[in-house]
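Note sheet for the following structure.
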Amino acid sequence: MANKKQWRGKTILHVDINSFYSSCEEIKNPSLKGKPHAVIMTPQDSNNITKGAVTTCSYEAKKFGIKSAMPLYKALELCPNLILHAVDKKFYEKISNEVMEILEDYADIFEQASIDEAYLDCTNKISTTDLMVGEYAQEIKKSIKEKCGGLLTSIGIAPTKSVAKIASDYQKPDGLTIIHFNELKNFLNPLDVEAISGIGIKTQNILKEQMNIKTIGQLSNTDVQILIERFGKKVGTWMWQVANGLDNEPVLPRRNHISLSNESTLEFITYDKEIIKQSLYELIDELYERIKNNKYQFRTVGIKLMRTDFSVETREKSYIKYQYERKSIESLIEELLDKFNLEDNNLVIPSRNITKKFLPIRKVGLKVSNLIAIEKSNKDNEYKQMTLLDYC
Ligand SMILES: [Mg+2]
């Protein structure tokens, strides 16, 4: 692994959660671990699945040759004992949000790409730590594994988004692939053109069958004019740049319905509500700035207090409608703080013969969640939710 001082260009991470849906099922039911099981897209419920198609399956099921998009009858031919679950999108989204929340803390700019993938531009964050890029990524992997029920991730690191994405796909599960600026060409050249995310089956066929371009190396050596003639200016230029490691598409701040937070360690530990309240007020400006920059509205405001034994307590409150004003955060702080025990006293639970001492506070945090990305329409001043399609 090279020293981070030798790193050139941006540090972009692509994080992919391995076998996401099936791994979520293992979180829900740990006895599934080590067994062949699959999540099925089906209108039926989990107890009675007779038709549908595989969305994701466990690694044990993959060993039988089961793949995504395979019809259920075929999967059962390959593995008659396959354990089946119906898609539980709500649960997967909950777990996804937990992962994304962790990932966001590691990024200067965070872009959620799908329920189980995200891009992180970590250029500044890494340059201000002592960690090398690989160690930084290992820390992310470890944090997700520990805090999210053992989920495994594959991470690709590169100076461009497209190569980071290819790199995360390079080793699965639990992979880490780091491509330095001067290794870009050597890494890309031997790969099949289909490794480039965004080159679909149709384009692949044209490249391979009609133009005899099979590898990314061959694509990079093709005259860009020929690609433009064939695929149009935008697509032709794009695929040539990606093949040469030259695309500079930025990581765009994007995420839906998760949270933004800000926290600080108090100068001294305290029970004093006024001091704690003041420290929370001081967190609003930066948090609000990020809400505005990301064009978000929020419904929920939360407070987190850490006691001196590092235990964390949270309280939150949700508005019925989405909010976008600073005062919507500020006005809830006092009310939320009242829900914590900030007395220097003991709580006695006689039935369990326990006396619990409330420890003083050492750290405070402020969070807004239930976010939507908004676009202000000039005409009617209405806000609409931004969907993935708006970005594509
Ligand atoms: Mg995945």
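Ordering of the structure tokens sets the chain letters (A, B, ...), residue numbers begin anew at 1 in every chain, and ligands are numbered from 1 in the order given.
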
*Within 7 Å of range 13-26 of chain A, counting only C-alpha atoms, which residues qualify if same-chain residues fewer than 6 places away don't, as a PyMOL selection string?*
chain A and resi 32-33+38-39+56-58+92+116-121+151-158+164-165+168+173

List as a PDB file with all heavy atoms, in the first residue's frame the protein and nucleic acid residues near Leu347 in chain A, meaning an atom at most 7 Å away when only C-alpha atoms are counted, but skip any in the same chain fewer than 2 places from it.
ATOM      1  N   ASN A 345     -28.802  12.823  40.564  1.00  0.00           N
ATOM      2  CA  ASN A 345     -29.457  11.998  41.571  1.00  0.00           C
ATOM      3  C   ASN A 345     -29.491  10.535  41.138  1.00  0.00           C
ATOM      4  O   ASN A 345     -28.988  10.171  40.075  1.00  0.00           O
ATOM      5  CB  ASN A 345     -30.870  12.512  41.853  1.00  0.00           C
ATOM      6  CG  ASN A 345     -31.724  12.468  40.603  1.00  0.00           C
ATOM      7  OD1 ASN A 345     -31.341  11.896  39.589  1.00  0.00           O
ATOM      8  ND2 ASN A 345     -32.876  13.103  40.665  1.00  0.00           N
ATOM      9  N   ILE A 349     -34.940   1.506  41.106  1.00  0.00           N
ATOM     10  CA  ILE A 349     -35.947   0.610  40.544  1.00  0.00           C
ATOM     11  C   ILE A 349     -36.100  -0.541  41.539  1.00  0.00           C
ATOM     12  O   ILE A 349     -35.349  -1.511  41.489  1.00  0.00           O
ATOM     13  CB  ILE A 349     -35.516   0.074  39.160  1.00  0.00           C
ATOM     14  CG1 ILE A 349     -35.075   1.239  38.247  1.00  0.00           C
ATOM     15  CG2 ILE A 349     -36.662  -0.704  38.500  1.00  0.00           C
ATOM     16  CD1 ILE A 349     -34.444   0.828  36.942  1.00  0.00           C
ATOM     17  N   THR A 355     -30.190   0.541  41.724  1.00  0.00           N
ATOM     18  CA  THR A 355     -30.063   1.974  41.870  1.00  0.00           C
ATOM     19  C   THR A 355     -29.197   2.466  40.731  1.00  0.00           C
ATOM     20  O   THR A 355     -28.074   2.010  40.548  1.00  0.00           O
ATOM     21  CB  THR A 355     -29.386   2.344  43.195  1.00  0.00           C
ATOM     22  OG1 THR A 355     -30.083   1.680  44.235  1.00  0.00           O
ATOM     23  CG2 THR A 355     -29.436   3.834  43.427  1.00  0.00           C
ATOM     24  N   LYS A 356     -29.802   3.344  39.912  1.00  0.00           N
ATOM     25  CA  LYS A 356     -29.046   3.814  38.759  1.00  0.00           C
ATOM     26  C   LYS A 356     -28.667   5.266  38.977  1.00  0.00           C
ATOM     27  O   LYS A 356     -29.506   6.086  39.322  1.00  0.00           O
ATOM     28  CB  LYS A 356     -29.918   3.685  37.513  1.00  0.00           C
ATOM     29  CG  LYS A 356     -29.168   3.993  36.243  1.00  0.00           C
ATOM     30  CD  LYS A 356     -30.057   3.825  35.033  1.00  0.00           C
ATOM     31  CE  LYS A 356     -29.323   4.397  33.837  1.00  0.00           C
ATOM     32  NZ  LYS A 356     -30.167   4.557  32.687  1.00  0.00           N
ATOM     33  N   LYS A 357     -27.413   5.563  38.808  1.00  0.00           N
ATOM     34  CA  LYS A 357     -26.974   6.944  38.966  1.00  0.00           C
ATOM     35  C   LYS A 357     -26.921   7.603  37.599  1.00  0.00           C
ATOM     36  O   LYS A 357     -26.417   7.020  36.636  1.00  0.00           O
ATOM     37  CB  LYS A 357     -25.588   6.971  39.613  1.00  0.00           C
ATOM     38  CG  LYS A 357     -25.016   8.379  39.719  1.00  0.00           C
ATOM     39  CD  LYS A 357     -24.011   8.523  40.828  1.00  0.00           C
ATOM     40  CE  LYS A 357     -23.341   9.889  40.807  1.00  0.00           C
ATOM     41  NZ  LYS A 357     -24.285  11.002  40.966  1.00  0.00           N
TER      42      LYS A 357
END

*Which neighbours of Thr265 in chain A fall inside 10 Å, counting only C-alpha atoms, when residues of the same chain fewer than 2 positions from it are skipped, and could you give them as a ChimeraX atom specification?*
/A:263,267-269,279,305-306,361-365

*as an NGL selection string, please: all residues of range 12-115 of chain A that backbone DSSP puts in helix (DSSP H, G or I).*
:A and (20-28 or 30-32 or 46-48 or 59-62 or 72-78 or 89-105)

*Test item: residues at most 10 Å from Ile109 in chain A, only C-alpha atoms, excluding those fewer than 2 positions along its chain, as a VMD selection string*: chain A and resid 12 104 to 107 111 119 to 125 250 to 254

*asked:* Give me, as a list in words, all polymer residues having an atom no more than 8 Å from Met70 in chain A, counting only C-alpha atoms and skipping those fewer than 5 positions away in the same chain.
replied: Ala53, Val54, Thr55 and Ala75 of chain A

Excluding Glu289 in chain A and any residue of its chain fewer than 4 positions from it, enumerate the residues within 12 Å of it, using only C-alpha atoms, and give them as a PDB file with all heavy atoms, in the first residue's frame.
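The file below, result35.pdb, is the result:
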ATOM      1  N   LEU A 260     -29.048  14.619   8.947  1.00  0.00           N
ATOM      2  CA  LEU A 260     -27.838  15.420   9.036  1.00  0.00           C
ATOM      3  C   LEU A 260     -27.635  15.713  10.522  1.00  0.00           C
ATOM      4  O   LEU A 260     -28.601  15.944  11.247  1.00  0.00           O
ATOM      5  CB  LEU A 260     -28.002  16.749   8.294  1.00  0.00           C
ATOM      6  CG  LEU A 260     -28.080  16.705   6.764  1.00  0.00           C
ATOM      7  CD1 LEU A 260     -28.327  18.114   6.243  1.00  0.00           C
ATOM      8  CD2 LEU A 260     -26.794  16.154   6.171  1.00  0.00           C
ATOM      9  N   SER A 261     -26.390  15.705  10.965  1.00  0.00           N
ATOM     10  CA  SER A 261     -26.193  15.966  12.387  1.00  0.00           C
ATOM     11  C   SER A 261     -24.910  16.735  12.645  1.00  0.00           C
ATOM     12  O   SER A 261     -24.050  16.851  11.783  1.00  0.00           O
ATOM     13  CB  SER A 261     -26.175  14.649  13.158  1.00  0.00           C
ATOM     14  OG  SER A 261     -25.132  13.838  12.695  1.00  0.00           O
ATOM     15  N   ASN A 262     -24.817  17.266  13.830  1.00  0.00           N
ATOM     16  CA  ASN A 262     -23.643  18.024  14.242  1.00  0.00           C
ATOM     17  C   ASN A 262     -23.478  17.776  15.742  1.00  0.00           C
ATOM     18  O   ASN A 262     -24.467  17.621  16.455  1.00  0.00           O
ATOM     19  CB  ASN A 262     -23.884  19.518  13.976  1.00  0.00           C
ATOM     20  CG  ASN A 262     -22.630  20.342  14.107  1.00  0.00           C
ATOM     21  OD1 ASN A 262     -21.530  19.798  14.199  1.00  0.00           O
ATOM     22  ND2 ASN A 262     -22.788  21.658  14.127  1.00  0.00           N
ATOM     23  N   LEU A 283     -24.739  24.541  17.872  1.00  0.00           N
ATOM     24  CA  LEU A 283     -24.610  23.568  16.778  1.00  0.00           C
ATOM     25  C   LEU A 283     -25.560  23.869  15.610  1.00  0.00           C
ATOM     26  O   LEU A 283     -25.425  23.314  14.526  1.00  0.00           O
ATOM     27  CB  LEU A 283     -24.908  22.149  17.297  1.00  0.00           C
ATOM     28  CG  LEU A 283     -23.947  21.588  18.336  1.00  0.00           C
ATOM     29  CD1 LEU A 283     -24.450  20.241  18.832  1.00  0.00           C
ATOM     30  CD2 LEU A 283     -22.551  21.454  17.757  1.00  0.00           C
ATOM     31  N   ILE A 284     -26.527  24.765  15.871  1.00  0.00           N
ATOM     32  CA  ILE A 284     -27.582  24.954  14.860  1.00  0.00           C
ATOM     33  C   ILE A 284     -27.035  25.543  13.566  1.00  0.00           C
ATOM     34  O   ILE A 284     -27.350  25.062  12.483  1.00  0.00           O
ATOM     35  CB  ILE A 284     -28.713  25.867  15.399  1.00  0.00           C
ATOM     36  CG1 ILE A 284     -29.337  25.254  16.656  1.00  0.00           C
ATOM     37  CG2 ILE A 284     -29.796  26.047  14.351  1.00  0.00           C
ATOM     38  CD1 ILE A 284     -30.387  26.150  17.307  1.00  0.00           C
ATOM     39  N   ASP A 285     -26.192  26.577  13.668  1.00  0.00           N
ATOM     40  CA  ASP A 285     -25.765  27.294  12.460  1.00  0.00           C
ATOM     41  C   ASP A 285     -25.159  26.376  11.416  1.00  0.00           C
ATOM     42  O   ASP A 285     -25.551  26.396  10.254  1.00  0.00           O
ATOM     43  CB  ASP A 285     -24.767  28.402  12.811  1.00  0.00           C
ATOM     44  CG  ASP A 285     -25.486  29.635  13.336  1.00  0.00           C
ATOM     45  OD1 ASP A 285     -26.705  29.751  13.050  1.00  0.00           O
ATOM     46  OD2 ASP A 285     -24.848  30.451  14.025  1.00  0.00           O
ATOM     47  N   ASN A 293     -27.595  23.968   2.028  1.00  0.00           N
ATOM     48  CA  ASN A 293     -26.731  23.609   0.897  1.00  0.00           C
ATOM     49  C   ASN A 293     -27.228  22.371   0.164  1.00  0.00           C
ATOM     50  O   ASN A 293     -27.064  22.244  -1.033  1.00  0.00           O
ATOM     51  CB  ASN A 293     -25.297  23.360   1.370  1.00  0.00           C
ATOM     52  CG  ASN A 293     -24.626  24.635   1.807  1.00  0.00           C
ATOM     53  OD1 ASN A 293     -25.118  25.732   1.483  1.00  0.00           O
ATOM     54  ND2 ASN A 293     -23.535  24.523   2.535  1.00  0.00           N
ATOM     55  N   ASN A 294     -27.803  21.457   0.932  1.00  0.00           N
ATOM     56  CA  ASN A 294     -28.308  20.224   0.330  1.00  0.00           C
ATOM     57  C   ASN A 294     -29.744  20.368  -0.165  1.00  0.00           C
ATOM     58  O   ASN A 294     -30.326  19.414  -0.654  1.00  0.00           O
ATOM     59  CB  ASN A 294     -28.247  19.075   1.337  1.00  0.00           C
ATOM     60  CG  ASN A 294     -26.844  18.572   1.545  1.00  0.00           C
ATOM     61  OD1 ASN A 294     -26.264  17.989   0.644  1.00  0.00           O
ATOM     62  ND2 ASN A 294     -26.279  18.825   2.706  1.00  0.00           N
ATOM     63  N   LYS A 295     -30.302  21.583   0.001  1.00  0.00           N
ATOM     64  CA  LYS A 295     -31.691  21.840  -0.401  1.00  0.00           C
ATOM     65  C   LYS A 295     -32.653  20.834   0.235  1.00  0.00           C
ATOM     66  O   LYS A 295     -33.472  20.207  -0.427  1.00  0.00           O
ATOM     67  CB  LYS A 295     -31.826  21.798  -1.926  1.00  0.00           C
ATOM     68  CG  LYS A 295     -31.028  22.873  -2.644  1.00  0.00           C
ATOM     69  CD  LYS A 295     -31.530  23.003  -4.074  1.00  0.00           C
ATOM     70  CE  LYS A 295     -30.924  24.194  -4.788  1.00  0.00           C
ATOM     71  NZ  LYS A 295     -29.472  24.081  -4.967  1.00  0.00           N
ATOM     72  N   TYR A 296     -32.520  20.670   1.527  1.00  0.00           N
ATOM     73  CA  TYR A 296     -33.363  19.718   2.236  1.00  0.00           C
ATOM     74  C   TYR A 296     -34.460  20.411   3.029  1.00  0.00           C
ATOM     75  O   TYR A 296     -34.316  21.543   3.474  1.00  0.00           O
ATOM     76  CB  TYR A 296     -32.539  18.921   3.249  1.00  0.00           C
ATOM     77  CG  TYR A 296     -31.775  17.770   2.659  1.00  0.00           C
ATOM     78  CD1 TYR A 296     -30.444  17.562   3.004  1.00  0.00           C
ATOM     79  CD2 TYR A 296     -32.375  16.896   1.772  1.00  0.00           C
ATOM     80  CE1 TYR A 296     -29.733  16.496   2.468  1.00  0.00           C
ATOM     81  CE2 TYR A 296     -31.681  15.843   1.235  1.00  0.00           C
ATOM     82  CZ  TYR A 296     -30.364  15.638   1.583  1.00  0.00           C
ATOM     83  OH  TYR A 296     -29.674  14.599   1.057  1.00  0.00           O
ATOM     84  N   TYR A 324     -38.448  24.009   6.826  1.00  0.00           N
ATOM     85  CA  TYR A 324     -37.198  24.449   6.204  1.00  0.00           C
ATOM     86  C   TYR A 324     -36.580  25.646   6.924  1.00  0.00           C
ATOM     87  O   TYR A 324     -35.582  26.186   6.529  1.00  0.00           O
ATOM     88  CB  TYR A 324     -37.412  24.781   4.715  1.00  0.00           C
ATOM     89  CG  TYR A 324     -38.473  25.827   4.469  1.00  0.00           C
ATOM     90  CD1 TYR A 324     -38.150  27.179   4.400  1.00  0.00           C
ATOM     91  CD2 TYR A 324     -39.808  25.447   4.316  1.00  0.00           C
ATOM     92  CE1 TYR A 324     -39.125  28.131   4.183  1.00  0.00           C
ATOM     93  CE2 TYR A 324     -40.784  26.387   4.116  1.00  0.00           C
ATOM     94  CZ  TYR A 324     -40.435  27.732   4.044  1.00  0.00           C
ATOM     95  OH  TYR A 324     -41.411  28.668   3.845  1.00  0.00           O
ATOM     96  N   GLU A 325     -37.196  26.063   8.030  1.00  0.00           N
ATOM     97  CA  GLU A 325     -36.674  27.245   8.717  1.00  0.00           C
ATOM     98  C   GLU A 325     -35.803  26.865   9.910  1.00  0.00           C
ATOM     99  O   GLU A 325     -36.024  25.852  10.573  1.00  0.00           O
ATOM    100  CB  GLU A 325     -37.834  28.116   9.183  1.00  0.00           C
ATOM    101  CG  GLU A 325     -38.525  28.819   8.041  1.00  0.00           C
ATOM    102  CD  GLU A 325     -39.621  29.739   8.539  1.00  0.00           C
ATOM    103  OE1 GLU A 325     -40.738  29.261   8.788  1.00  0.00           O
ATOM    104  OE2 GLU A 325     -39.327  30.942   8.706  1.00  0.00           O
ATOM    105  N   ARG A 326     -34.846  27.723  10.183  1.00  0.00           N
ATOM    106  CA  ARG A 326     -33.920  27.532  11.296  1.00  0.00           C
ATOM    107  C   ARG A 326     -34.673  27.423  12.620  1.00  0.00           C
ATOM    108  O   ARG A 326     -34.367  26.598  13.466  1.00  0.00           O
ATOM    109  CB  ARG A 326     -32.948  28.726  11.326  1.00  0.00           C
ATOM    110  CG  ARG A 326     -31.775  28.566  12.261  1.00  0.00           C
ATOM    111  CD  ARG A 326     -30.981  29.856  12.291  1.00  0.00           C
ATOM    112  NE  ARG A 326     -29.794  29.704  13.098  1.00  0.00           N
ATOM    113  CZ  ARG A 326     -29.764  29.710  14.421  1.00  0.00           C
ATOM    114  NH1 ARG A 326     -30.892  29.862  15.094  1.00  0.00           N
ATOM    115  NH2 ARG A 326     -28.640  29.563  15.078  1.00  0.00           N
TER     116      ARG A 326
END

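Between CA of Asn182 in chain A and CA of Trp7 in chain A the interatomic distance comes to 9.2 Å.
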
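Among A:Met100, A:Leu246, A:Ile115, A:Ala61, the residue with the shortest atom-to-atom distance to ligand 1, counting only C-alpha atoms and all ligand atoms, is A:Ile115.
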
_If DSSP is run on the backbone, what residues of range 132-311 of chain A are strand (DSSP E or B)? A reply as number ranges by chain would be ideal._
A: 153-158, 176-178, 192, 215, 254, 259-270, 296-307

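The closest residue to ligand 1, picked from A:Glu101, A:Asp169, A:Asp45, A:Glu135 and counting only C-alpha atoms and all ligand atoms, is A:Asp169.
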
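Residue nearest Gln112 in chain A, chosen from A:Cys148, A:Ile291, A:Ile320, A:Val99 and counting only C-alpha atoms: A:Val99.
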
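Between ligand 1 and the residues A:Ile226, A:Val87, A:Ile372, A:Ala113, the shortest atom-to-atom distance, using only C-alpha atoms and all ligand atoms, involves A:Ala113.
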
*asked:* Would you compute the distance between CA of Ser369 in chain A and CA of Ser318 in chain A? Give it in Å to one decimal.
replied: 8.8 Å

All residues 9 Å or closer to Val242 in chain A, only C-alpha atoms, same chain fewer than 4 positions away omitted, as a compact mmCIF listing (two decimals) with C-alpha atoms, in the first residue's frame:
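File result.txt, as written:
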# COMPACT_ATOMS: atom_id res chain seq x y z
CA THR A 160 -12.55 8.99 -10.24
CA SER A 162 -16.26 5.42 -12.44
CA VAL A 163 -13.07 3.63 -11.44
CA ILE A 196 -18.01 0.08 -16.91
CA ILE A 216 -11.45 -1.19 -21.72
CA SER A 220 -9.29 3.72 -24.59
CA THR A 237 -16.94 11.22 -25.14
CA TRP A 238 -18.04 9.85 -21.79
CA LEU A 246 -10.15 10.82 -17.30
CA ASP A 247 -13.78 11.39 -16.37
CA ASN A 248 -14.17 13.96 -13.66
